[in-house]
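See below for work15.csv, which holds CSV, C-alpha atoms.
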chain,number,residue,atom,x,y,z
A,1,MET,CA,-12.3,4.5,-16.4
A,2,SER,CA,-10.7,5.9,-13.3
A,3,LEU,CA,-7.6,4.5,-11.7
A,4,ALA,CA,-9.7,3.1,-8.8
A,5,ALA,CA,-12.2,1.4,-11.1
A,6,ALA,CA,-9.6,-0.1,-13.4
A,7,ALA,CA,-7.5,-1.4,-10.5
A,8,PHE,CA,-10.5,-2.9,-8.7
A,9,ALA,CA,-11.7,-4.7,-11.9
A,10,THR,CA,-8.3,-6.2,-12.2
A,11,ALA,CA,-7.8,-7.2,-8.5
A,12,PHE,CA,-11.3,-8.3,-7.5
A,13,PRO,CA,-13.2,-9.7,-10.5
A,14,GLY,CA,-16.7,-10.7,-9.9
A,15,LEU,CA,-17.0,-8.7,-6.6
A,16,SER,CA,-18.9,-5.5,-5.9
A,17,VAL,CA,-17.1,-2.8,-4.0
A,18,GLU,CA,-19.2,-3.5,-1.0
A,19,GLU,CA,-18.3,-7.2,-1.2
A,20,ALA,CA,-14.6,-6.3,-1.3
A,21,PHE,CA,-15.0,-4.1,1.7
A,22,ALA,CA,-16.7,-6.9,3.6
A,23,LEU,CA,-13.8,-9.2,2.6
A,24,ARG,CA,-11.3,-6.7,4.0
A,25,GLU,CA,-13.3,-6.4,7.2
A,26,GLY,CA,-13.5,-10.2,7.7
A,27,ARG,CA,-10.7,-12.7,8.6
A,28,ALA,CA,-11.2,-15.3,5.9
A,29,TRP,CA,-8.8,-15.9,3.0
A,30,ARG,CA,-10.1,-16.3,-0.5
A,31,HIS,CA,-8.9,-17.8,-3.8
A,32,PHE,CA,-10.0,-16.0,-7.0
A,33,ALA,CA,-9.7,-18.4,-9.9
A,34,GLY,CA,-8.9,-16.5,-13.1
A,35,ASN,CA,-10.4,-17.2,-16.5
A,36,ASP,CA,-7.7,-15.3,-18.4
A,37,PRO,CA,-4.1,-16.4,-18.0
A,38,ALA,CA,-2.9,-13.0,-19.4
A,39,ARG,CA,-5.1,-11.0,-16.9
A,40,PHE,CA,-2.1,-9.6,-15.0
A,41,ALA,CA,0.4,-9.6,-17.9
A,42,PRO,CA,0.2,-5.8,-18.4
A,43,LEU,CA,1.4,-5.3,-14.9
A,44,LEU,CA,4.8,-7.0,-15.1
A,45,ALA,CA,7.0,-9.5,-17.0
A,46,VAL,CA,10.3,-11.2,-16.3
A,47,ALA,CA,11.8,-8.9,-18.9
A,48,ASP,CA,10.9,-5.9,-16.7
A,49,LEU,CA,12.9,-7.4,-13.9
A,50,ASP,CA,15.9,-8.2,-16.2
A,51,ALA,CA,15.9,-4.5,-17.3
A,52,HIS,CA,15.6,-3.2,-13.7
A,53,LEU,CA,18.5,-5.4,-12.5
A,54,ARG,CA,20.8,-3.7,-15.1
A,55,THR,CA,20.2,-0.2,-13.7
A,56,ASP,CA,21.7,1.7,-10.8
A,57,ALA,CA,18.3,1.5,-9.0
A,58,ALA,CA,18.8,-2.2,-8.4
A,59,ARG,CA,20.2,-2.1,-4.8
A,60,SER,CA,19.7,-3.7,-1.5
A,61,PRO,CA,17.6,-3.8,0.6
A,62,ARG,CA,15.0,-3.3,-2.2
A,63,VAL,CA,16.5,-6.2,-4.0
A,64,SER,CA,16.9,-9.3,-1.9
A,65,MET,CA,17.0,-13.1,-2.2
A,66,ALA,CA,15.6,-16.0,-0.2
A,67,ASP,CA,16.2,-19.7,-0.1
A,68,GLU,CA,14.3,-22.0,2.2
A,69,ALA,CA,17.0,-24.6,1.9
A,70,ARG,CA,19.4,-22.4,3.9
A,71,GLU,CA,20.1,-23.3,7.6
A,72,GLY,CA,18.7,-20.6,9.9
A,73,SER,CA,17.2,-17.6,8.2
A,74,ALA,CA,15.9,-18.1,4.6
A,75,GLY,CA,17.3,-14.7,3.7
A,76,VAL,CA,20.4,-14.9,1.5
A,77,PRO,CA,23.2,-12.6,3.0
A,78,GLU,CA,23.5,-9.4,0.9
A,79,HIS,CA,27.2,-9.9,0.4
A,80,GLU,CA,26.5,-13.0,-1.7
A,81,PHE,CA,24.7,-11.0,-4.5
A,82,THR,CA,25.6,-7.3,-4.0
A,83,LEU,CA,28.6,-5.1,-4.3
A,84,PRO,CA,30.0,-3.3,-1.2
A,85,ASP,CA,28.0,-0.1,-2.0
A,86,GLY,CA,24.7,-2.1,-2.1
A,87,ARG,CA,24.4,-2.3,-5.9
A,88,VAL,CA,23.4,-5.6,-7.3
A,89,ASP,CA,26.3,-7.8,-8.4
A,90,LEU,CA,24.4,-9.2,-11.3
A,91,PRO,CA,26.6,-12.2,-12.3
A,92,ARG,CA,26.6,-13.4,-8.7
A,93,LEU,CA,22.9,-12.7,-8.3
A,94,LEU,CA,22.2,-14.8,-11.4
A,95,GLY,CA,24.4,-17.6,-10.0
A,96,ARG,CA,22.4,-17.6,-6.7
A,97,PHE,CA,19.2,-17.7,-8.7
A,98,ASP,CA,20.4,-20.6,-10.8
A,99,ALA,CA,21.2,-22.4,-7.6
A,100,GLY,CA,17.7,-22.1,-6.3
A,101,ALA,CA,17.4,-18.7,-4.5
A,102,SER,CA,14.2,-16.7,-5.1
A,103,LEU,CA,14.5,-13.1,-6.3
A,104,VAL,CA,12.6,-10.5,-4.3
A,105,VAL,CA,12.1,-6.9,-5.5
A,106,SER,CA,10.3,-4.8,-2.8
A,107,GLN,CA,8.1,-1.8,-3.5
A,108,PHE,CA,8.6,-2.2,-7.3
A,109,HIS,CA,5.5,0.1,-7.8
A,110,GLU,CA,7.8,3.0,-7.0
A,111,THR,CA,9.8,2.5,-10.2
A,112,HIS,CA,7.5,0.5,-12.5
A,113,PRO,CA,4.7,2.7,-14.0
A,114,PRO,CA,2.1,-0.1,-14.6
A,115,LEU,CA,2.3,-1.3,-11.0
A,116,GLN,CA,2.4,2.3,-9.8
A,117,ARG,CA,-0.9,3.1,-11.5
A,118,PHE,CA,-2.4,-0.2,-10.2
A,119,CYS,CA,-1.4,0.5,-6.6
A,120,ARG,CA,-2.6,4.1,-6.8
A,121,GLY,CA,-6.0,2.9,-8.0
A,122,LEU,CA,-6.3,0.6,-5.0
A,123,GLU,CA,-5.1,3.4,-2.7
A,124,LYS,CA,-7.9,5.6,-4.1
A,125,LEU,CA,-10.4,2.9,-3.3
A,126,PHE,CA,-9.3,1.8,0.2
A,127,LEU,CA,-7.8,5.2,1.3
A,128,HIS,CA,-4.6,3.7,2.7
A,129,ALA,CA,-1.1,2.9,1.3
A,130,VAL,CA,-0.6,0.0,-1.1
A,131,GLN,CA,2.7,-1.5,-2.2
A,132,ALA,CA,3.8,-4.2,-4.7
A,133,ASN,CA,6.6,-6.7,-3.9
A,134,ILE,CA,7.8,-9.1,-6.7
A,135,TYR,CA,8.8,-12.7,-6.2
A,136,LEU,CA,10.5,-14.7,-8.9
A,137,THR,CA,11.1,-18.3,-7.9
A,138,PRO,CA,13.3,-20.7,-9.9
A,139,PRO,CA,12.0,-24.2,-10.8
A,140,GLY,CA,11.4,-26.5,-7.8
A,141,ALA,CA,12.2,-23.9,-5.2
A,142,GLN,CA,10.7,-22.3,-2.1
A,143,GLY,CA,11.7,-18.8,-1.0
A,144,PHE,CA,10.2,-18.2,2.5
A,145,ARG,CA,9.1,-20.7,5.2
A,146,THR,CA,5.6,-20.8,6.7
A,147,HIS,CA,4.7,-17.4,8.1
A,148,TYR,CA,2.0,-14.8,8.4
A,149,ASP,CA,2.1,-11.2,7.3
A,150,THR,CA,1.3,-8.1,9.5
A,151,HIS,CA,-1.0,-6.6,6.8
A,152,ASP,CA,-3.5,-8.0,4.4
A,153,VAL,CA,-2.1,-9.2,1.0
A,154,LEU,CA,-3.4,-9.9,-2.4
A,155,VAL,CA,-1.2,-12.4,-4.4
A,156,LEU,CA,-1.4,-12.1,-8.2
A,157,GLN,CA,0.0,-15.0,-10.2
A,158,LEU,CA,1.6,-13.9,-13.5
A,159,GLU,CA,3.7,-16.7,-14.8
A,160,GLY,CA,4.1,-20.4,-14.0
A,161,ALA,CA,2.3,-22.2,-11.2
A,162,LYS,CA,2.8,-22.0,-7.5
A,163,ARG,CA,1.6,-24.4,-4.8
A,164,TRP,CA,0.2,-22.7,-1.7
A,165,ARG,CA,-0.7,-24.0,1.7
A,166,VAL,CA,-3.0,-21.7,3.7
A,167,TRP,CA,-4.3,-22.4,7.2
A,168,ASP,CA,-7.6,-21.1,8.5
A,169,GLY,CA,-7.8,-18.6,11.3
A,170,GLU,CA,-5.1,-16.3,12.7
A,171,ARG,CA,-2.2,-17.9,14.5
A,172,VAL,CA,-1.6,-14.6,16.2
A,173,GLU,CA,-4.7,-12.4,16.5
A,174,ARG,CA,-4.5,-9.2,14.5
A,175,PRO,CA,-0.7,-8.9,14.4
A,176,THR,CA,1.0,-5.6,13.4
A,177,ARG,CA,4.6,-4.7,12.7
A,178,ARG,CA,5.0,-4.1,16.4
A,179,THR,CA,3.9,-7.6,17.3
A,180,PRO,CA,6.9,-9.8,18.2
A,181,TRP,CA,7.4,-12.9,16.1
A,182,PRO,CA,7.5,-15.7,18.6
A,183,GLY,CA,9.8,-17.9,16.5
A,184,ALA,CA,9.5,-21.5,15.5
A,185,MET,CA,5.7,-21.1,15.4
A,186,GLU,CA,3.8,-24.0,13.9
A,187,PRO,CA,0.4,-23.6,12.2
A,188,LEU,CA,-2.7,-25.1,13.8
A,189,GLY,CA,-4.8,-27.6,12.0
A,190,GLU,CA,-4.5,-28.9,8.5
A,191,PRO,CA,-3.6,-26.6,5.5
A,192,HIS,CA,-5.7,-26.0,2.5
A,193,LEU,CA,-3.7,-26.9,-0.7
A,194,LEU,CA,-4.2,-24.9,-3.9
A,195,VAL,CA,-2.2,-24.2,-7.0
A,196,LEU,CA,-2.2,-20.7,-8.4
A,197,GLN,CA,-2.2,-20.5,-12.2
A,198,PRO,CA,-1.5,-17.4,-14.3
A,199,GLY,CA,-4.5,-15.1,-13.8
A,200,ASP,CA,-5.4,-16.4,-10.4
A,201,ALA,CA,-5.4,-14.3,-7.2
A,202,LEU,CA,-5.2,-15.1,-3.5
A,203,TYR,CA,-6.3,-12.8,-0.7
A,204,ILE,CA,-4.7,-13.5,2.7
A,205,PRO,CA,-5.6,-11.4,5.7
A,206,ARG,CA,-2.9,-10.6,8.2
A,207,GLY,CA,-2.2,-13.2,10.8
A,208,VAL,CA,-3.2,-16.1,8.5
A,209,MET,CA,-0.3,-18.6,8.1
A,210,HIS,CA,0.8,-19.7,4.6
A,211,ASP,CA,3.7,-20.8,2.5
A,212,ALA,CA,4.4,-21.3,-1.3
A,213,ALA,CA,6.6,-23.3,-3.6
A,214,THR,CA,7.0,-23.6,-7.4
A,215,GLN,CA,5.4,-26.5,-9.3
A,216,GLY,CA,8.2,-27.7,-11.5
A,217,GLU,CA,8.7,-24.4,-13.3
A,218,ARG,CA,9.6,-20.9,-12.6
A,219,SER,CA,7.0,-18.7,-10.9
A,220,LEU,CA,6.4,-15.0,-11.0
A,221,HIS,CA,3.9,-13.4,-8.7
A,222,VAL,CA,3.2,-10.0,-7.3
A,223,THR,CA,2.3,-9.6,-3.6
A,224,VAL,CA,0.2,-6.5,-3.2
A,225,GLY,CA,0.5,-5.2,0.4
A,226,LEU,CA,-2.6,-3.5,1.7
A,227,LEU,CA,-1.1,-1.3,4.4
A,228,GLU,CA,-4.1,-0.5,6.5
A,229,ALA,CA,-3.5,1.3,9.8
A,230,SER,CA,-4.4,-0.4,13.1
A,231,TRP,CA,-6.5,1.4,15.7
A,232,ALA,CA,-3.5,1.6,17.9
A,233,GLN,CA,-1.5,3.3,15.1
A,234,ALA,CA,-4.3,5.7,14.4
A,235,ILE,CA,-4.7,6.6,18.0
A,236,ARG,CA,-1.0,7.3,18.4
A,237,LEU,CA,-1.3,9.6,15.4
A,238,LEU,CA,-4.2,11.4,17.1
A,239,VAL,CA,-2.4,11.7,20.4
A,240,ASP,CA,0.6,13.2,18.7
A,241,ALA,CA,-1.5,15.8,17.0
A,242,ALA,CA,-3.6,16.6,20.0
A,243,GLU,CA,-0.5,17.2,22.2
A,244,LEU,CA,0.4,20.2,20.1
A,245,ASP,CA,-2.8,22.2,21.0
A,246,ASP,CA,-4.1,20.7,24.2
A,247,ALA,CA,-2.3,21.7,27.3
A,248,ALA,CA,-4.2,19.2,29.4
A,249,LEU,CA,-2.5,16.4,27.5
A,250,ARG,CA,0.9,18.0,28.2
A,251,GLU,CA,0.5,18.0,32.0
A,252,SER,CA,2.9,15.9,34.0
A,253,VAL,CA,1.9,12.5,35.1
A,254,PRO,CA,2.4,12.6,38.9
A,255,SER,CA,4.5,9.5,39.0
A,256,TRP,CA,5.6,10.4,42.5
A,257,ARG,CA,2.0,9.7,43.7
A,258,ILE,CA,2.1,6.1,42.4
A,259,GLY,CA,1.2,3.9,45.4
A,260,GLU,CA,-0.8,6.5,47.2
A,261,ALA,CA,-3.1,7.9,44.5
A,262,ASP,CA,-5.3,6.2,41.9
A,263,LEU,CA,-4.4,7.4,38.4
A,264,ALA,CA,-7.5,5.9,36.9
A,265,PRO,CA,-9.7,9.1,37.1
A,266,ALA,CA,-7.0,11.3,35.6
A,267,LEU,CA,-6.4,8.8,32.8
A,268,ALA,CA,-10.1,8.6,32.0
A,269,ALA,CA,-10.3,12.4,31.9
A,270,LYS,CA,-7.4,12.6,29.4
A,271,LEU,CA,-8.8,9.8,27.2
A,272,ALA,CA,-12.1,11.6,27.2
A,273,ARG,CA,-10.4,14.6,25.5
A,274,LEU,CA,-9.6,12.3,22.6
A,275,SER,CA,-13.1,11.0,22.0
A,276,GLY,CA,-16.3,12.5,20.5
A,277,PRO,CA,-17.3,13.5,17.0
A,278,ALA,CA,-14.8,16.3,16.6
A,279,GLN,CA,-11.8,14.1,17.4
A,280,ALA,CA,-13.2,11.3,15.2
A,281,GLU,CA,-13.3,13.8,12.3
A,282,ARG,CA,-9.8,15.0,13.2
A,283,LEU,CA,-8.6,11.4,13.1
A,284,ALA,CA,-10.2,10.8,9.7
A,285,ASN,CA,-8.5,13.9,8.3
A,286,LEU,CA,-5.1,12.9,9.8
A,287,LEU,CA,-5.3,9.6,8.1
A,288,LEU,CA,-6.2,11.1,4.7
A,289,GLU,CA,-3.7,13.9,5.1
A,290,GLY,CA,-1.0,11.3,5.7
A,291,LEU,CA,-2.0,9.3,2.6
A,292,ALA,CA,-1.8,12.5,0.5
A,293,ARG,CA,1.5,13.5,2.0
A,294,ASP,CA,3.4,10.2,2.2
A,295,ARG,CA,2.7,8.6,-1.2
A,296,GLN,CA,4.5,9.5,-4.4
A,297,PRO,CA,2.6,12.1,-6.3
A,298,LEU,CA,1.5,11.3,-9.9
A,299,PRO,CA,0.7,14.8,-11.3
A,300,GLY,CA,-1.7,15.4,-14.2
A,301,ARG,CA,0.8,17.5,-16.2
A,302,GLY,CA,4.2,16.9,-17.7
A,303,LEU,CA,7.4,19.0,-18.1
A,304,PHE,CA,6.1,21.3,-20.9
A,305,ALA,CA,2.4,21.7,-20.6
A,306,PRO,CA,0.5,25.0,-20.7
A,307,LEU,CA,-2.9,25.1,-19.0
A,308,PRO,CA,-5.3,23.4,-21.4
A,309,ALA,CA,-8.5,24.9,-22.6
A,310,GLY,CA,-11.8,23.3,-21.7
A,311,PRO,CA,-13.2,21.5,-18.7
A,312,LEU,CA,-10.7,20.3,-16.1
A,313,ALA,CA,-10.8,17.8,-13.2
A,314,LEU,CA,-8.7,17.1,-10.2
A,315,ALA,CA,-5.9,14.7,-11.3
A,316,ASP,CA,-6.8,11.1,-10.7
A,317,GLY,CA,-3.3,10.1,-9.8
A,318,MET,CA,-2.9,12.7,-7.0
A,319,HIS,CA,-4.0,11.9,-3.5
A,320,HIS,CA,-5.5,15.0,-1.9
A,321,LEU,CA,-7.8,16.1,0.9
A,322,LEU,CA,-10.0,19.2,1.1
A,323,ALA,CA,-10.4,19.9,4.8
A,324,ARG,CA,-13.3,22.4,5.3
A,325,ALA,CA,-13.4,24.9,8.1
A,326,PRO,CA,-16.7,26.1,9.7
A,327,ASP,CA,-16.5,29.5,7.9
A,328,GLY,CA,-16.4,27.8,4.5
A,329,SER,CA,-12.7,28.2,3.9
A,330,ALA,CA,-10.5,25.1,3.5
A,331,THR,CA,-7.1,23.7,3.2
A,332,LEU,CA,-6.2,21.5,0.3
A,333,HIS,CA,-3.7,18.9,1.4
A,334,TRP,CA,-1.6,17.0,-1.1
A,335,ALA,CA,1.9,15.5,-1.5
A,336,GLY,CA,3.6,18.9,-1.9
A,337,GLY,CA,2.1,20.5,1.2
A,338,ALA,CA,-1.0,22.3,2.1
A,339,LEU,CA,-2.8,25.1,0.2
A,340,PRO,CA,-5.1,27.5,2.1
A,341,LEU,CA,-8.3,28.4,0.2
A,342,ASP,CA,-11.0,31.0,1.0
A,343,ALA,CA,-14.6,29.9,0.8
A,344,ALA,CA,-15.0,30.8,-2.9
A,345,GLN,CA,-11.8,28.9,-3.9
A,346,ALA,CA,-12.9,25.9,-1.8
A,347,ALA,CA,-16.2,25.8,-3.6
A,348,GLU,CA,-14.3,26.0,-7.0
A,349,VAL,CA,-12.1,23.1,-6.0
A,350,GLU,CA,-15.2,21.1,-5.2
A,351,ARG,CA,-16.6,21.9,-8.6
A,352,LEU,CA,-13.4,20.8,-10.3
A,353,ALA,CA,-13.5,17.6,-8.3
A,354,GLU,CA,-16.5,16.6,-10.4
A,355,GLY,CA,-15.0,18.1,-13.7
A,356,ALA,CA,-16.0,21.6,-14.8
A,357,GLU,CA,-14.9,24.6,-16.8
A,358,PRO,CA,-12.7,26.7,-14.5
A,359,ALA,CA,-14.4,29.8,-13.2
A,360,ASP,CA,-11.3,31.1,-11.4
A,361,ALA,CA,-8.5,31.3,-14.0
A,362,ALA,CA,-5.8,32.2,-11.5
A,363,LEU,CA,-6.7,29.3,-9.2
A,364,ALA,CA,-6.9,26.9,-12.1
A,365,GLU,CA,-3.4,28.0,-13.3
A,366,ARG,CA,-2.0,27.5,-9.8
A,367,LEU,CA,-3.6,24.0,-9.4
A,368,TRP,CA,-2.4,23.0,-12.9
A,369,ARG,CA,1.2,24.1,-12.1
A,370,LEU,CA,1.1,22.0,-8.9
A,371,GLY,CA,-0.1,18.9,-11.0
A,372,LEU,CA,-3.4,18.8,-9.3
A,373,LEU,CA,-5.5,19.2,-12.4
A,374,GLU,CA,-5.9,17.3,-15.7
A,375,PRO,CA,-8.1,17.8,-18.8
A,376,LEU,CA,-11.6,16.3,-18.3
A,377,ASP,CA,-11.5,14.8,-21.8
A,378,ALA,CA,-8.0,13.4,-21.4
A,379,PRO,CA,-7.5,9.7,-22.5
A,380,PRO,CA,-8.7,7.5,-19.7
A,381,ALA,CA,-6.3,6.8,-16.9
A,382,THR,CA,-6.0,3.0,-16.9
A,383,ALA,CA,-4.4,0.6,-14.5
A,384,PRO,CA,-3.6,-2.6,-16.4

What would the structure in this file look like if it were written as structure tokens?
Amino acid sequence: MSLAAAAFATAFPGLSVEEAFALREGRAWRHFAGNDPARFAPLLAVADLDAHLRTDAARSPRVSMADEAREGSAGVPEHEFTLPDGRVDLPRLLGRFDAGASLVVSQFHETHPPLQRFCRGLEKLFLHAVQANIYLTPPGAQGFRTHYDTHDVLVLQLEGAKRWRVWDGERVERPTRRTPWPGAMEPLGEPHLLVLQPGDALYIPRGVMHDAATQGERSLHVTVGLLEASWAQAIRLLVDAAELDDAALRESVPSWRIGEADLAPALAAKLARLSGPAQAERLANLLLEGLARDRQPLPGRGLFAPLPAGPLALADGMHHLLARAPDGSATLHWAGGALPLDAAQAAEVERLAEGAEPADAALAERLWRLGLLEPLDAPPATAP
């Protein structure tokens, strides 16, 4: 089973891929009741957090704490649970936890392999970045106050029970990280009340207000952040790329004519240069190149690994993009950079994408050394 298939089966049981895509394209939250309390157990346990907190990697701001009972911000000041250099002061952190503060470990997928494989599988499916933040809440406590997120989230309940309140609709329509939080915002209407038990999941689109509290026992859940780009973000990416090779977009805006000339025709002409099929394809490539470049690579080889005999395939854990040129040549984009390929090499990479016996030994050796290949008959890559 591929990383994408395994992660999807874990995250969205009972849905087809098309149904999951439709869920992402809508604005409704959804509760997935689990029939297996141990469904998410392979992803994480409290023992994994205990082990992490005893390493030098446990530092602020990745490790933080929150307590709804505090006046003002729910965030616990770092000096109350860290050393001056940012490392966790574990005895004081444990004391704050015992007193009711929730533990938050952000982007734990970057250091915990089971979550890393799970997030990579969802990235392969949705073609955008995915992260995993951990929330461990002590008995009878609430970490964060009522709020909305600026990206879609999928909450996975691992241990204990947590009471959630979720409101229908978006309090702020389609918010992003650039959308100012107005402060002291109250939800509209009455909340839906539900209790997540181990094995349950909850999908909440961005902009939907919610809060959560433990139900008399400790609670461990993973919030999977689905970091989709907004159209505004994508267009900014396209403008930045087009500026490099389009002199018309680098022309000066005649601000000295403001008041006597209408800028609308010139603006329309510039925007037209960013539209059409070629620019749409360019935008798609920019988004996929960014995913391949920005996410941590998971190569198909280890430290001591000669090129294996037999059929090979492109490594399932590596994001990559094969950008074809009109003459048949291509550029293979991945986390380590970009590899130019002639037409024959590009065709060979396309063969290897489906799994094949290498026909170009030199190219296969190079791709293997870069971590871009793995044996076709290797043990299945699984995302718990």

Exercise. Could you pull the residues within 7 Å of region 212-227 of chain A, counting all atoms listed in the file, minus those fewer than 4 positions along the same chain, as an MDAnalysis selection string?
Worked result: chainID A and resid 128:142 151:165

For this session: Could you jot down the CA of Ala309 (chain A) to CA of Pro375 (chain A) separation for me, Å, one decimal place?
Result: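 If I compute the distance from CA of Ala309 (chain A) to CA of Pro375 (chain A), I get 8.1 Å.
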
Exercise. Neighbours of Arg324 (chain A) within 9 Å (only C-alpha atoms; same-chain residues fewer than 5 positions away dropped), as a PyMOL selection string?
Worked result: chain A and resi 329-332+343+346

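For the residues A:Pro42, A:His147, A:Ala5, A:Arg301, ranking by smallest atom-to-atom distance to Ala74 (chain A) using all atoms listed in the file places A:His147 first.
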
For this session: Using all atoms listed in the file, collect all residues at a distance of at most 12 Å from (9.7, 4.2, -6.5) as written in the file, then present them as a count of residues only.
Result: 25

Residues within 8 Å of Arg293 (chain A), only C-alpha atoms, excluding chain neighbours under 4 positions, as a PDB file with C-alpha atoms, in the frame of the given file:
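Okay, around-v1.pdb is ready:
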ATOM      1  CA  GLU A 289      -3.700  13.900   5.100  1.00  0.00           C
ATOM      2  CA  HIS A 319      -4.000  11.900  -3.500  1.00  0.00           C
ATOM      3  CA  HIS A 333      -3.700  18.900   1.400  1.00  0.00           C
ATOM      4  CA  TRP A 334      -1.600  17.000  -1.100  1.00  0.00           C
ATOM      5  CA  ALA A 335       1.900  15.500  -1.500  1.00  0.00           C
ATOM      6  CA  GLY A 336       3.600  18.900  -1.900  1.00  0.00           C
ATOM      7  CA  GLY A 337       2.100  20.500   1.200  1.00  0.00           C
TER       8      GLY A 337
END

For this session: For CA of Val76 (chain A) and CA of Pro180 (chain A), quote the distance in Å rounded to one decimal.
Result: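 Taking CA of Val76 (chain A) as the start and CA of Pro180 (chain A) as the end point, the length is 22.1 Å.
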
Using all atoms listed in the file, find each residue of region 277-354 of chain A with at least one atom at most 9 Å away from an atom of region 234-244 of chain A; report its shortest atom-to-atom pair and that distance in Å (one decimal), sort the rows by chain and rising residue number, and return the result as a Markdown table.
| residue | atom | partner | partner_atom | distance |
| --- | --- | --- | --- | --- |
| A:Gln279 | CA | A:Leu238 | CA | 8.1 |
| A:Arg282 | CA | A:Leu238 | CA | 7.7 |
| A:Leu283 | CA | A:Leu238 | CA | 5.9 |
| A:Leu286 | CA | A:Leu238 | CA | 7.5 |
| A:Leu287 | CA | A:Ala234 | CA | 7.5 |

Exercise. Rounded to one decimal in Å, what is the spacing between CA of Leu127 (chain A) and CA of Leu49 (chain A)?
Worked result: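 Distance between the two atoms: 28.6 Å.
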
Which residues of region 82-178 of chain A come within 9 Å of region 18-29 of chain A, and for each one, what is the closest pair of atoms and their distance in Å to one decimal, counting all atoms listed in the file, sorted by chain and residue number, as a tab-separated table?
residue	atom	partner	partner_atom	distance
A:Phe126	CA	A:Phe21	CA	8.3
A:Asp152	CA	A:Arg24	CA	7.9
A:Val166	CA	A:Trp29	CA	8.2
A:Trp167	CA	A:Trp29	CA	9.0
A:Asp168	CA	A:Ala28	CA	7.3
A:Gly169	CA	A:Arg27	CA	7.1
A:Glu170	CA	A:Arg27	CA	7.8

Exercise. Between A:Met318, A:Leu288, A:Leu90, A:Ala359, which one has atoms that come closest to Leu3 (chain A), using all atoms listed in the file?
Worked result: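 Once distances to Leu3 (chain A) are computed over all atoms listed in the file, the minimum belongs to A:Met318.
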
Seminar exercise, completed: The residue from A:Thr82, A:Ser64, A:Thr146, A:Asn35 with the smallest atom-to-atom distance to Gly14 (chain A), counting only C-alpha atoms, is A:Asn35
